[in-house]
file query-v9.txt (compact mmCIF, C-alpha atoms)
# COMPACT_ATOMS: atom_id res chain seq x y z
CA MET A 1 -3.55 25.92 20.11
CA ALA A 2 -1.29 28.84 19.44
CA ILE A 3 -2.71 31.62 17.36
CA MET A 4 -0.86 32.99 14.38
CA ASN A 5 1.37 36.01 14.66
CA VAL A 6 -0.74 38.56 12.81
CA ASN A 7 -1.90 42.13 13.22
CA PRO A 8 -5.50 42.31 14.44
CA THR A 9 -6.82 44.33 11.55
CA ARG A 10 -9.97 44.07 9.51
CA MET A 11 -7.99 43.34 6.35
CA GLN A 12 -6.15 40.51 8.01
CA LEU A 13 -9.48 39.15 9.23
CA THR A 14 -11.00 38.98 5.74
CA LYS A 15 -7.82 37.38 4.44
CA LEU A 16 -7.85 34.75 7.17
CA LYS A 17 -11.53 34.03 6.62
CA LYS A 18 -10.83 33.39 2.96
CA GLN A 19 -7.91 31.13 3.85
CA LEU A 20 -10.07 29.23 6.31
CA ALA A 21 -12.73 28.65 3.65
CA THR A 22 -10.06 27.30 1.29
CA ALA A 23 -8.62 25.10 4.01
CA VAL A 24 -12.02 23.67 4.86
CA ARG A 25 -12.78 22.97 1.22
CA GLY A 26 -9.34 21.42 0.71
CA HIS A 27 -9.80 19.30 3.80
CA LYS A 28 -13.11 17.97 2.55
CA MET A 29 -11.70 17.12 -0.86
CA LEU A 30 -8.60 15.46 0.55
CA LYS A 31 -10.76 13.45 2.90
CA ASP A 32 -12.85 12.25 -0.02
CA LYS A 33 -9.67 11.41 -1.91
CA ARG A 34 -8.32 9.46 1.04
CA ASP A 35 -11.56 7.50 1.45
CA GLU A 36 -11.79 6.59 -2.20
CA LEU A 37 -8.10 5.64 -2.38
CA MET A 38 -8.52 3.52 0.71
CA ARG A 39 -11.52 1.72 -0.75
CA ARG A 40 -9.62 0.87 -3.91
CA PHE A 41 -6.49 -0.02 -2.01
CA ILE A 42 -8.31 -2.49 0.22
CA ASP A 43 -9.85 -4.21 -2.81
CA LEU A 44 -6.49 -4.33 -4.54
CA VAL A 45 -4.54 -5.55 -1.57
CA GLN A 46 -7.01 -8.36 -0.97
CA GLU A 47 -6.69 -9.45 -4.58
CA ASN A 48 -2.95 -9.17 -4.19
CA LYS A 49 -3.00 -11.45 -1.18
CA LYS A 50 -5.05 -14.09 -2.98
CA LEU A 51 -2.86 -13.95 -6.06
CA ARG A 52 0.34 -14.12 -4.04
CA ASP A 53 -0.84 -17.17 -2.15
CA LYS A 54 -1.75 -18.83 -5.43
CA VAL A 55 1.51 -17.90 -7.15
CA GLU A 56 3.62 -19.01 -4.21
CA LYS A 57 1.84 -22.34 -4.07
CA GLU A 58 2.25 -22.96 -7.78
CA LEU A 59 5.81 -21.72 -7.82
CA ALA A 60 6.65 -24.17 -5.07
CA GLN A 61 5.16 -26.90 -7.26
CA CYS A 62 7.21 -25.76 -10.25
CA ASN A 63 10.32 -25.81 -8.14
CA SER A 64 9.60 -29.33 -7.03
CA HIS A 65 9.15 -30.30 -10.69
CA PHE A 66 12.55 -28.83 -11.42
CA VAL A 67 14.08 -30.68 -8.50
CA ASN A 68 12.57 -33.90 -9.86
CA ALA A 69 13.93 -33.12 -13.29
CA SER A 70 17.39 -32.47 -11.98
CA ALA A 71 17.21 -35.74 -10.09
CA VAL A 72 16.69 -37.79 -13.23
CA MET A 73 18.88 -35.75 -15.54
CA SER A 74 22.47 -34.72 -15.18
CA LYS A 75 23.05 -31.12 -14.25
CA GLU A 76 24.90 -30.44 -17.49
CA ALA A 77 22.12 -31.88 -19.61
CA LEU A 78 19.52 -29.91 -17.73
CA ASP A 79 21.44 -26.66 -18.03
CA ALA A 80 22.12 -27.31 -21.69
CA SER A 81 18.44 -27.89 -22.43
CA LEU A 82 17.44 -24.63 -20.83
CA MET A 83 20.38 -22.63 -22.07
CA SER A 84 19.03 -21.23 -25.32
CA PRO A 85 15.47 -20.03 -24.83
CA LYS A 86 13.15 -20.00 -27.79
CA GLN A 87 10.65 -17.59 -26.39
CA GLN A 88 11.17 -14.01 -25.36
CA VAL A 89 8.58 -12.20 -23.28
CA GLY A 90 8.38 -8.45 -23.50
CA VAL A 91 6.07 -6.18 -21.58
CA ASN A 92 4.55 -2.83 -22.38
CA VAL A 93 3.86 -0.62 -19.44
CA SER A 94 1.31 2.14 -19.65
CA SER A 95 0.08 4.07 -16.67
CA LYS A 96 -3.41 4.62 -15.39
CA ASN A 97 -4.32 7.49 -13.16
CA VAL A 98 -6.33 6.50 -10.10
CA MET A 99 -7.08 9.45 -7.81
CA SER A 100 -3.85 11.15 -8.88
CA VAL A 101 -1.75 8.03 -8.38
CA ASP A 102 -0.18 6.63 -11.52
CA ILE A 103 -0.44 2.86 -11.40
CA PRO A 104 1.08 0.58 -14.04
CA GLN A 105 -0.89 -1.38 -16.60
CA ILE A 106 1.19 -4.17 -18.01
CA THR A 107 0.54 -5.93 -21.29
CA THR A 108 2.75 -8.73 -22.50
CA SER A 109 3.97 -9.67 -25.92
CA THR A 110 5.84 -12.80 -26.93
CA ARG A 111 8.43 -13.10 -29.67
CA THR A 112 6.84 -16.05 -31.39
CA SER A 113 3.17 -15.85 -32.22
CA ASP A 114 2.30 -18.98 -30.26
CA SER A 115 2.78 -18.24 -26.58
CA GLY A 116 2.70 -21.97 -25.87
CA ASP A 117 5.75 -22.46 -28.06
CA ILE A 118 8.16 -22.62 -25.19
CA PHE A 119 10.22 -25.79 -25.12
CA PRO A 120 13.73 -24.75 -26.04
CA TYR A 121 14.92 -28.35 -26.44
CA GLY A 122 14.11 -31.53 -28.29
CA PHE A 123 12.12 -34.10 -26.39
CA ALA A 124 14.40 -37.02 -27.19
CA PHE A 125 17.03 -36.57 -24.51
CA THR A 126 15.16 -34.84 -21.75
CA SER A 127 12.89 -36.21 -19.09
CA PHE A 128 9.19 -35.55 -18.94
CA GLU A 129 9.61 -33.98 -15.51
CA LEU A 130 11.39 -31.12 -17.21
CA ASP A 131 8.49 -30.70 -19.64
CA ASP A 132 6.13 -30.55 -16.70
CA ALA A 133 8.29 -28.00 -14.94
CA VAL A 134 8.64 -25.70 -17.93
CA MET A 135 4.99 -26.00 -18.84
CA SER A 136 3.67 -25.26 -15.37
CA LEU A 137 6.02 -22.30 -15.11
CA ASN A 138 4.74 -20.99 -18.44
CA GLU A 139 1.16 -21.32 -17.27
CA LEU A 140 2.05 -19.38 -14.18
CA LEU A 141 3.58 -16.49 -16.11
CA PRO A 142 0.38 -14.41 -16.64
CA ASP A 143 -0.33 -14.64 -12.91
CA LEU A 144 3.23 -13.65 -12.11
CA ILE A 145 2.95 -10.58 -14.31
CA ARG A 146 -0.44 -9.66 -12.89
CA LEU A 147 1.07 -10.04 -9.42
CA ALA A 148 3.82 -7.61 -10.32
CA GLU A 149 1.28 -5.12 -11.64
CA ILE A 150 -0.95 -5.32 -8.57
CA GLU A 151 1.86 -5.33 -6.08
CA LYS A 152 3.45 -2.26 -7.62
CA SER A 153 0.05 -0.54 -7.59
CA CYS A 154 -0.38 -1.38 -3.92
CA GLU A 155 3.07 -0.02 -3.17
CA LEU A 156 2.37 3.26 -4.95
CA MET A 157 -1.10 3.60 -3.50
CA SER A 158 -0.10 2.93 0.08
CA ALA A 159 2.51 5.68 -0.14
CA GLU A 160 -0.05 8.10 -1.56
CA ILE A 161 -2.62 7.20 1.09
CA GLU A 162 -0.08 7.84 3.81
CA LYS A 163 0.70 11.24 2.34
CA THR A 164 -2.97 12.15 1.95
CA ARG A 165 -3.75 10.97 5.46
CA ARG A 166 -1.04 13.21 6.87
CA ARG A 167 -2.36 16.17 4.92
CA VAL A 168 -5.92 15.55 6.07
CA ASN A 169 -4.81 15.24 9.68
CA SER A 170 -2.66 18.33 9.60
CA LEU A 171 -5.50 20.35 8.09
CA GLU A 172 -8.04 18.96 10.50
CA HIS A 173 -6.07 19.17 13.71
CA VAL A 174 -3.59 21.98 13.11
CA MET A 175 -4.36 24.37 10.29
CA ILE A 176 -8.12 24.75 10.63
CA PRO A 177 -8.17 25.17 14.46
CA ARG A 178 -5.35 27.67 14.17
CA TYR A 179 -7.23 29.73 11.61
CA GLN A 180 -10.39 29.59 13.70
CA GLU A 181 -8.62 30.72 16.83
CA THR A 182 -6.84 33.52 15.06
CA ILE A 183 -10.09 34.71 13.51
CA LYS A 184 -11.72 34.62 16.92
CA TYR A 185 -8.82 36.52 18.43
CA ILE A 186 -8.93 39.23 15.77
CA SER A 187 -12.68 39.70 15.90
CA MET A 188 -12.58 39.94 19.68
CA LYS A 189 -9.78 42.43 19.51
CA LEU A 190 -11.70 44.48 16.97
CA GLU A 191 -14.84 44.43 19.09
CA GLU A 192 -12.81 45.48 22.06
CA ASN A 193 -11.35 48.39 20.11
CA ASP A 194 -14.84 49.29 19.04
CA ARG A 195 -16.13 49.35 22.56
CA SER A 196 -13.20 51.32 23.86
CA SER A 197 -13.56 53.97 21.19
CA ARG A 198 -17.28 54.18 21.86
CA THR A 199 -16.80 54.74 25.60
CA ARG A 200 -14.14 57.27 24.83
CA LEU A 201 -16.54 59.16 22.59
CA MET A 202 -19.26 59.07 25.23
CA LYS A 203 -16.84 60.35 27.77
CA VAL A 204 -15.69 63.16 25.50
CA LYS A 205 -19.31 64.06 24.74
CA ASP A 206 -20.03 64.22 28.45
CA MET A 207 -17.06 66.43 29.02
CA LEU A 208 -18.04 68.77 26.18
CA LEU A 209 -21.65 69.03 27.37
CA ASP A 210 -20.43 69.61 30.87
CA LYS A 211 -18.21 72.43 29.73
CA GLU A 212 -20.97 74.02 27.64
CA HIS A 213 -23.92 73.79 30.05
CA ASN A 214 -22.24 73.05 33.34
CA TYR A 215 -24.35 69.96 33.97
CA SER A 216 -22.27 68.67 36.83
CA GLY A 217 -22.74 71.96 38.70
CA LYS A 218 -26.51 71.98 38.13
CA TYR A 219 -27.32 68.50 39.25
CA SER A 220 -24.82 67.84 41.95
CA MET B 1 8.47 0.83 -25.56
CA ALA B 2 8.70 -2.87 -24.86
CA LYS B 3 10.68 -3.73 -21.81
CA GLY B 4 11.87 -7.05 -20.49
CA ILE B 5 11.37 -9.01 -17.33
CA ALA B 6 14.41 -9.82 -15.22
CA VAL B 7 14.74 -12.57 -12.67
CA ILE B 8 17.54 -12.45 -10.12
CA GLY B 9 18.20 -15.37 -7.82
CA ASP B 10 20.35 -18.36 -7.10
CA SER B 11 20.90 -20.35 -10.27
CA GLU B 12 18.93 -23.34 -9.01
CA SER B 13 15.78 -21.31 -8.42
CA ILE B 14 15.70 -19.30 -11.59
CA LYS B 15 16.88 -21.49 -14.42
CA GLY B 16 13.33 -22.41 -15.36
CA PHE B 17 12.44 -18.79 -15.98
CA GLY B 18 15.05 -18.60 -18.71
CA ALA B 19 13.24 -21.30 -20.64
CA ILE B 20 9.95 -19.41 -20.73
CA GLY B 21 11.47 -16.24 -22.06
CA LEU B 22 12.48 -14.12 -19.11
CA ASP B 23 15.99 -12.75 -18.69
CA ILE B 24 17.76 -14.48 -15.85
CA PHE B 25 20.63 -13.15 -13.79
CA PRO B 26 22.07 -15.86 -11.56
CA CYS B 27 23.51 -14.55 -8.35
CA ASP B 28 24.69 -17.19 -5.93
CA ASP B 29 26.60 -14.78 -3.76
CA VAL B 30 24.44 -12.49 -1.62
CA GLU B 31 27.27 -9.96 -1.46
CA ASN B 32 27.01 -9.14 -5.14
CA VAL B 33 23.28 -8.82 -5.39
CA ALA B 34 23.13 -5.09 -4.62
CA GLN B 35 25.55 -4.27 -7.39
CA LEU B 36 23.80 -6.55 -9.85
CA PHE B 37 20.41 -5.14 -8.95
CA ARG B 38 21.61 -1.57 -9.40
CA LYS B 39 23.01 -2.40 -12.80
CA ILE B 40 19.78 -4.01 -13.96
CA ALA B 41 17.47 -1.39 -12.48
CA ASP B 42 19.49 1.60 -13.69
CA GLY B 43 19.56 0.35 -17.27
CA ASP B 44 15.80 0.90 -17.28
CA ASN B 45 15.33 -1.96 -19.72
CA TYR B 46 13.26 -4.02 -17.35
CA ALA B 47 9.71 -3.31 -16.26
CA ILE B 48 9.57 -6.09 -13.72
CA ILE B 49 12.42 -7.47 -11.63
CA TYR B 50 11.66 -10.67 -9.74
CA LEU B 51 14.00 -11.50 -6.90
CA THR B 52 14.14 -14.60 -4.77
CA GLU B 53 13.15 -13.84 -1.22
CA GLU B 54 16.54 -14.17 0.42
CA LEU B 55 18.09 -11.77 -2.11
CA PHE B 56 15.12 -9.44 -1.87
CA ALA B 57 15.80 -9.02 1.83
CA GLN B 58 19.42 -8.03 1.10
CA ILE B 59 18.74 -4.97 -1.02
CA GLU B 60 16.33 -2.96 1.07
CA LYS B 61 18.32 0.21 0.57
CA GLU B 62 18.59 -0.16 -3.19
CA ARG B 63 14.88 -0.91 -3.55
CA LYS B 64 13.94 2.35 -1.85
CA ARG B 65 15.09 4.33 -4.88
CA TYR B 66 12.56 2.66 -7.12
CA GLU B 67 9.64 2.66 -4.72
CA ASP B 68 7.89 5.70 -6.10
CA ARG B 69 8.50 4.97 -9.78
CA ILE B 70 6.14 3.00 -11.97
CA THR B 71 8.95 0.84 -13.35
CA PRO B 72 10.70 -1.30 -12.40
CA ALA B 73 8.36 -3.24 -10.15
CA VAL B 74 10.54 -5.17 -7.74
CA ILE B 75 8.73 -8.33 -6.66
CA PRO B 76 9.85 -11.09 -4.31
CA ILE B 77 9.23 -14.69 -5.37
CA ILE B 78 10.00 -17.90 -3.58
CA GLY B 79 13.08 -19.87 -4.48
CA VAL B 80 13.89 -23.56 -4.16
CA LYS B 81 14.71 -23.08 -0.53
CA GLY B 82 11.06 -22.51 0.22
CA ASN B 83 8.85 -19.78 1.47
CA ASN B 84 10.01 -17.54 4.28
CA GLY B 85 7.05 -15.20 4.26
CA ILE B 86 8.69 -12.07 2.92
CA GLY B 87 5.98 -11.58 0.31
CA SER B 88 3.17 -11.69 2.84
CA LYS B 89 5.09 -9.47 5.22
CA ARG B 90 5.45 -6.95 2.43
CA LEU B 91 1.69 -6.87 1.94
CA SER B 92 1.15 -6.37 5.65
CA ALA B 93 3.62 -3.51 5.52
CA PHE B 94 1.61 -1.86 2.71
CA VAL B 95 -1.58 -2.11 4.72
CA GLU B 96 0.18 -0.79 7.77
CA GLN B 97 1.55 2.16 5.86
CA ALA B 98 -1.83 3.01 4.37
CA VAL B 99 -4.17 2.36 7.25
CA GLY B 100 -1.92 2.85 10.25
CA SER B 101 -2.15 -0.69 11.50
CA ASP B 102 -2.44 -4.05 9.82
CA ILE B 103 -6.16 -4.67 9.95
CA LEU B 104 -6.41 -7.22 7.15
CA PHE B 105 -3.78 -9.90 7.54
CA SER B 106 -2.83 -9.83 11.18

call {"tool": "encode", "arguments": {"input": "query-v9.txt", "output": "structure tokens"}}
result
Amino acid sequence: MAIMNVNPTRMQLTKLKKQLATAVRGHKMLKDKRDELMRRFIDLVQENKKLRDKVEKELAQCNSHFVNASAVMSKEALDASLMSPKQQVGVNVSSKNVMSVDIPQITTSTRTSDSGDIFPYGFAFTSFELDDAVMSLNELLPDLIRLAEIEKSCELMSAEIEKTRRRVNSLEHVMIPRYQETIKYISMKLEENDRSSRTRLMKVKDMLLDKEHNYSGKYS
Amino acid sequence: MAKGIAVIGDSESIKGFGAIGLDIFPCDDVENVAQLFRKIADGDNYAIIYLTEELFAQIEKERKRYEDRITPAVIPIIGVKGNNGIGSKRLSAFVEQAVGSDILFS
């Protein structure tokens, strides 16, 4: 791992030590965030899978109802019966913050007070297959909306988890080792300087004493 | 603010949704779906946009723009032509993006 391009000074060392402490703390927190997000994501995605299987199965049934209806009614009559809907579904979206990810919370409202009030046609000229089809589709609607809510949440969360994972990895495998190595390099350099100045001093002292008392002449 | 729910798909698959109070946008020509989708999504009047699977696969580029926003949620549903597994594949892709490999549904 390459060390950073810094001057080996004491000031730089304290600065780097502080930065390392921050990085370690940040790494720990991000790791916790990633783990918690992952736990929630796994729960959500499993629910999503179940709901999707259910919705797809029921939607396939609804479609077959519609196919039956169009088999017994003329296309024009069928289109005409569905042309002017009675009901209007609106949704209110608020957001909920889960580990810094905003996920949608969807509530529905219908135009008429009775949400079962759906048949936009009289029963006299339409087949009962059409009633079945419209009714089963209406029953499926809450699940469809819940599916949208969960699937959007999964989409947002998976993107956030990926981001957090990258951050955790870059801190763990790049930033923190780099700080550690640089700190090691600076402290070694400083120690080395220390030692060299100490030997220099000793040498100078020897020379001075030698000059003053002529030690080398006495003992050699 | 109350928003609506849009359903885009071939007219056969989606006409039922009109009856239960969703806004339907028939699109029988796969060439036009991108333009239609952009129009609907940019208006910001819809919180959820359901698309039939074959159309969903056509607008990958357009969907990207709305991936990191809360609304609209763009959701694939099956049409009359049956299920071709795009919905499940999408879930696997989420897991793969989050975990690194698909450990749940593979």

call {"tool": "residues_around", "arguments": {"input": "query-v9.txt", "residues": "A:Val45", "least_positions_apart": "5", "cutoff": "9 Å", "atoms": "only C-alpha atoms", "output": "PyMOL selection string"}}
result
(chain A and resi 40+50+150-151+154) or (chain B and resi 91+94-95)

call {"tool": "interface_residues", "arguments": {"input": "query-v9.txt", "of": "chain B", "to": "chain A", "cutoff": "9 Å", "atoms": "only C-alpha atoms", "output": "VMD selection string"}}
result
chain B and resid 1 to 5 12 to 13 15 to 23 46 to 50 67 to 75 77 to 80 82 to 83 87 to 88 91 94 to 100 104 to 105

call {"tool": "write_last_selection", "arguments": {"input": "query-v9.txt", "atoms": "C-alpha atoms", "output": "PDB file, in the coordinates of the input"}}
result
ATOM      1  CA  MET B   1       8.470   0.830 -25.560  1.00  0.00           C
ATOM      2  CA  ALA B   2       8.700  -2.870 -24.860  1.00  0.00           C
ATOM      3  CA  LYS B   3      10.680  -3.730 -21.810  1.00  0.00           C
ATOM      4  CA  GLY B   4      11.870  -7.050 -20.490  1.00  0.00           C
ATOM      5  CA  ILE B   5      11.370  -9.010 -17.330  1.00  0.00           C
ATOM      6  CA  GLU B  12      18.930 -23.340  -9.010  1.00  0.00           C
ATOM      7  CA  SER B  13      15.780 -21.310  -8.420  1.00  0.00           C
ATOM      8  CA  LYS B  15      16.880 -21.490 -14.420  1.00  0.00           C
ATOM      9  CA  GLY B  16      13.330 -22.410 -15.360  1.00  0.00           C
ATOM     10  CA  PHE B  17      12.440 -18.790 -15.980  1.00  0.00           C
ATOM     11  CA  GLY B  18      15.050 -18.600 -18.710  1.00  0.00           C
ATOM     12  CA  ALA B  19      13.240 -21.300 -20.640  1.00  0.00           C
ATOM     13  CA  ILE B  20       9.950 -19.410 -20.730  1.00  0.00           C
ATOM     14  CA  GLY B  21      11.470 -16.240 -22.060  1.00  0.00           C
ATOM     15  CA  LEU B  22      12.480 -14.120 -19.110  1.00  0.00           C
ATOM     16  CA  ASP B  23      15.990 -12.750 -18.690  1.00  0.00           C
ATOM     17  CA  TYR B  46      13.260  -4.020 -17.350  1.00  0.00           C
ATOM     18  CA  ALA B  47       9.710  -3.310 -16.260  1.00  0.00           C
ATOM     19  CA  ILE B  48       9.570  -6.090 -13.720  1.00  0.00           C
ATOM     20  CA  ILE B  49      12.420  -7.470 -11.630  1.00  0.00           C
ATOM     21  CA  TYR B  50      11.660 -10.670  -9.740  1.00  0.00           C
ATOM     22  CA  GLU B  67       9.640   2.660  -4.720  1.00  0.00           C
ATOM     23  CA  ASP B  68       7.890   5.700  -6.100  1.00  0.00           C
ATOM     24  CA  ARG B  69       8.500   4.970  -9.780  1.00  0.00           C
ATOM     25  CA  ILE B  70       6.140   3.000 -11.970  1.00  0.00           C
ATOM     26  CA  THR B  71       8.950   0.840 -13.350  1.00  0.00           C
ATOM     27  CA  PRO B  72      10.700  -1.300 -12.400  1.00  0.00           C
ATOM     28  CA  ALA B  73       8.360  -3.240 -10.150  1.00  0.00           C
ATOM     29  CA  VAL B  74      10.540  -5.170  -7.740  1.00  0.00           C
ATOM     30  CA  ILE B  75       8.730  -8.330  -6.660  1.00  0.00           C
ATOM     31  CA  ILE B  77       9.230 -14.690  -5.370  1.00  0.00           C
ATOM     32  CA  ILE B  78      10.000 -17.900  -3.580  1.00  0.00           C
ATOM     33  CA  GLY B  79      13.080 -19.870  -4.480  1.00  0.00           C
ATOM     34  CA  VAL B  80      13.890 -23.560  -4.160  1.00  0.00           C
ATOM     35  CA  GLY B  82      11.060 -22.510   0.220  1.00  0.00           C
ATOM     36  CA  ASN B  83       8.850 -19.780   1.470  1.00  0.00           C
ATOM     37  CA  GLY B  87       5.980 -11.580   0.310  1.00  0.00           C
ATOM     38  CA  SER B  88       3.170 -11.690   2.840  1.00  0.00           C
ATOM     39  CA  LEU B  91       1.690  -6.870   1.940  1.00  0.00           C
ATOM     40  CA  PHE B  94       1.610  -1.860   2.710  1.00  0.00           C
ATOM     41  CA  VAL B  95      -1.580  -2.110   4.720  1.00  0.00           C
ATOM     42  CA  GLU B  96       0.180  -0.790   7.770  1.00  0.00           C
ATOM     43  CA  GLN B  97       1.550   2.160   5.860  1.00  0.00           C
ATOM     44  CA  ALA B  98      -1.830   3.010   4.370  1.00  0.00           C
ATOM     45  CA  VAL B  99      -4.170   2.360   7.250  1.00  0.00           C
ATOM     46  CA  GLY B 100      -1.920   2.850  10.250  1.00  0.00           C
ATOM     47  CA  LEU B 104      -6.410  -7.220   7.150  1.00  0.00           C
ATOM     48  CA  PHE B 105      -3.780  -9.900   7.540  1.00  0.00           C
TER      49      PHE B 105
END

call {"tool": "atom_distance", "arguments": {"input": "query-v9.txt", "atom1": "atom CA of B:Lys89", "atom2": "atom CA of B:Glu60"}}
result
13.6 Å

call {"tool": "residues_around", "arguments": {"input": "query-v9.txt", "residues": "A:Lys184", "least_positions_apart": "5", "cutoff": "10 Å", "atoms": "only C-alpha atoms", "output": "list in words"}}
result
Ile3, Leu13, Arg178, Tyr179, Lys189 and Leu190 of chain A

call {"tool": "atom_distance", "arguments": {"input": "query-v9.txt", "atom1": "atom CA of A:Val204", "atom2": "atom CA of A:Asn7"}}
result
28.0 Å

call {"tool": "atom_distance", "arguments": {"input": "query-v9.txt", "atom1": "atom CA of B:Asp10", "atom2": "atom CA of B:Pro26"}}
result
5.4 Å

call {"tool": "closest_residue", "arguments": {"input": "query-v9.txt", "among": "B:Val7, B:Ile103, B:Tyr66, B:Ala57", "to": "B:Arg90", "atoms": "all atoms listed in the file"}}
result
B:Ala57

call {"tool": "axis_aligned_box", "arguments": {"input": "query-v9.txt", "around": "stretch 158-171 of chain A", "padding_each_side": "8 Å", "output": "JSON"}}
result
{"center_x": -1.7, "center_y": 11.6, "center_z": 4.1, "size_x": 24.4, "size_y": 33.4, "size_z": 27.2}

call {"tool": "decode", "arguments": {"input": "query-v9.txt", "residues": "stretch 107-113 of chain A", "atoms": "all heavy atoms", "output": "PDB file, in the first residue's frame"}}
result
ATOM      1  N   THR A 107     -50.742   5.582   0.583  1.00  0.00           N
ATOM      2  CA  THR A 107     -52.109   5.365   1.049  1.00  0.00           C
ATOM      3  C   THR A 107     -53.054   5.685  -0.105  1.00  0.00           C
ATOM      4  O   THR A 107     -52.788   6.587  -0.897  1.00  0.00           O
ATOM      5  CB  THR A 107     -52.452   6.276   2.234  1.00  0.00           C
ATOM      6  OG1 THR A 107     -52.005   7.602   1.928  1.00  0.00           O
ATOM      7  CG2 THR A 107     -51.769   5.806   3.506  1.00  0.00           C
ATOM      8  N   THR A 108     -54.131   4.942  -0.180  1.00  0.00           N
ATOM      9  CA  THR A 108     -55.028   5.149  -1.327  1.00  0.00           C
ATOM     10  C   THR A 108     -56.304   5.856  -0.889  1.00  0.00           C
ATOM     11  O   THR A 108     -56.720   5.775   0.255  1.00  0.00           O
ATOM     12  CB  THR A 108     -55.446   3.810  -1.957  1.00  0.00           C
ATOM     13  OG1 THR A 108     -55.954   2.970  -0.923  1.00  0.00           O
ATOM     14  CG2 THR A 108     -54.289   3.139  -2.632  1.00  0.00           C
ATOM     15  N   SER A 109     -56.892   6.537  -1.825  1.00  0.00           N
ATOM     16  CA  SER A 109     -58.217   7.105  -1.570  1.00  0.00           C
ATOM     17  C   SER A 109     -59.056   6.893  -2.824  1.00  0.00           C
ATOM     18  O   SER A 109     -58.542   6.948  -3.936  1.00  0.00           O
ATOM     19  CB  SER A 109     -58.088   8.595  -1.261  1.00  0.00           C
ATOM     20  OG  SER A 109     -57.361   9.229  -2.290  1.00  0.00           O
ATOM     21  N   THR A 110     -60.321   6.605  -2.638  1.00  0.00           N
ATOM     22  CA  THR A 110     -61.194   6.400  -3.793  1.00  0.00           C
ATOM     23  C   THR A 110     -62.159   7.570  -3.906  1.00  0.00           C
ATOM     24  O   THR A 110     -62.457   8.235  -2.914  1.00  0.00           O
ATOM     25  CB  THR A 110     -61.981   5.094  -3.656  1.00  0.00           C
ATOM     26  OG1 THR A 110     -62.538   5.041  -2.343  1.00  0.00           O
ATOM     27  CG2 THR A 110     -61.083   3.895  -3.846  1.00  0.00           C
ATOM     28  N   ARG A 111     -62.651   7.794  -5.122  1.00  0.00           N
ATOM     29  CA  ARG A 111     -63.524   8.948  -5.328  1.00  0.00           C
ATOM     30  C   ARG A 111     -64.868   8.762  -4.635  1.00  0.00           C
ATOM     31  O   ARG A 111     -65.342   9.624  -3.933  1.00  0.00           O
ATOM     32  CB  ARG A 111     -63.723   9.181  -6.826  1.00  0.00           C
ATOM     33  CG  ARG A 111     -64.420  10.482  -7.122  1.00  0.00           C
ATOM     34  CD  ARG A 111     -64.401  10.791  -8.579  1.00  0.00           C
ATOM     35  NE  ARG A 111     -65.117   9.775  -9.355  1.00  0.00           N
ATOM     36  CZ  ARG A 111     -65.146   9.727 -10.670  1.00  0.00           C
ATOM     37  NH1 ARG A 111     -64.465  10.600 -11.365  1.00  0.00           N
ATOM     38  NH2 ARG A 111     -65.822   8.799 -11.311  1.00  0.00           N
ATOM     39  N   THR A 112     -65.456   7.581  -4.833  1.00  0.00           N
ATOM     40  CA  THR A 112     -66.711   7.331  -4.138  1.00  0.00           C
ATOM     41  C   THR A 112     -66.397   6.697  -2.786  1.00  0.00           C
ATOM     42  O   THR A 112     -65.360   6.061  -2.621  1.00  0.00           O
ATOM     43  CB  THR A 112     -67.609   6.378  -4.954  1.00  0.00           C
ATOM     44  OG1 THR A 112     -66.866   5.195  -5.210  1.00  0.00           O
ATOM     45  CG2 THR A 112     -68.040   7.005  -6.252  1.00  0.00           C
ATOM     46  N   SER A 113     -67.287   6.871  -1.851  1.00  0.00           N
ATOM     47  CA  SER A 113     -66.981   6.426  -0.495  1.00  0.00           C
ATOM     48  C   SER A 113     -66.903   4.901  -0.405  1.00  0.00           C
ATOM     49  O   SER A 113     -66.150   4.354   0.379  1.00  0.00           O
ATOM     50  CB  SER A 113     -68.018   6.960   0.482  1.00  0.00           C
ATOM     51  OG  SER A 113     -69.303   6.575   0.044  1.00  0.00           O
TER      52      SER A 113
END
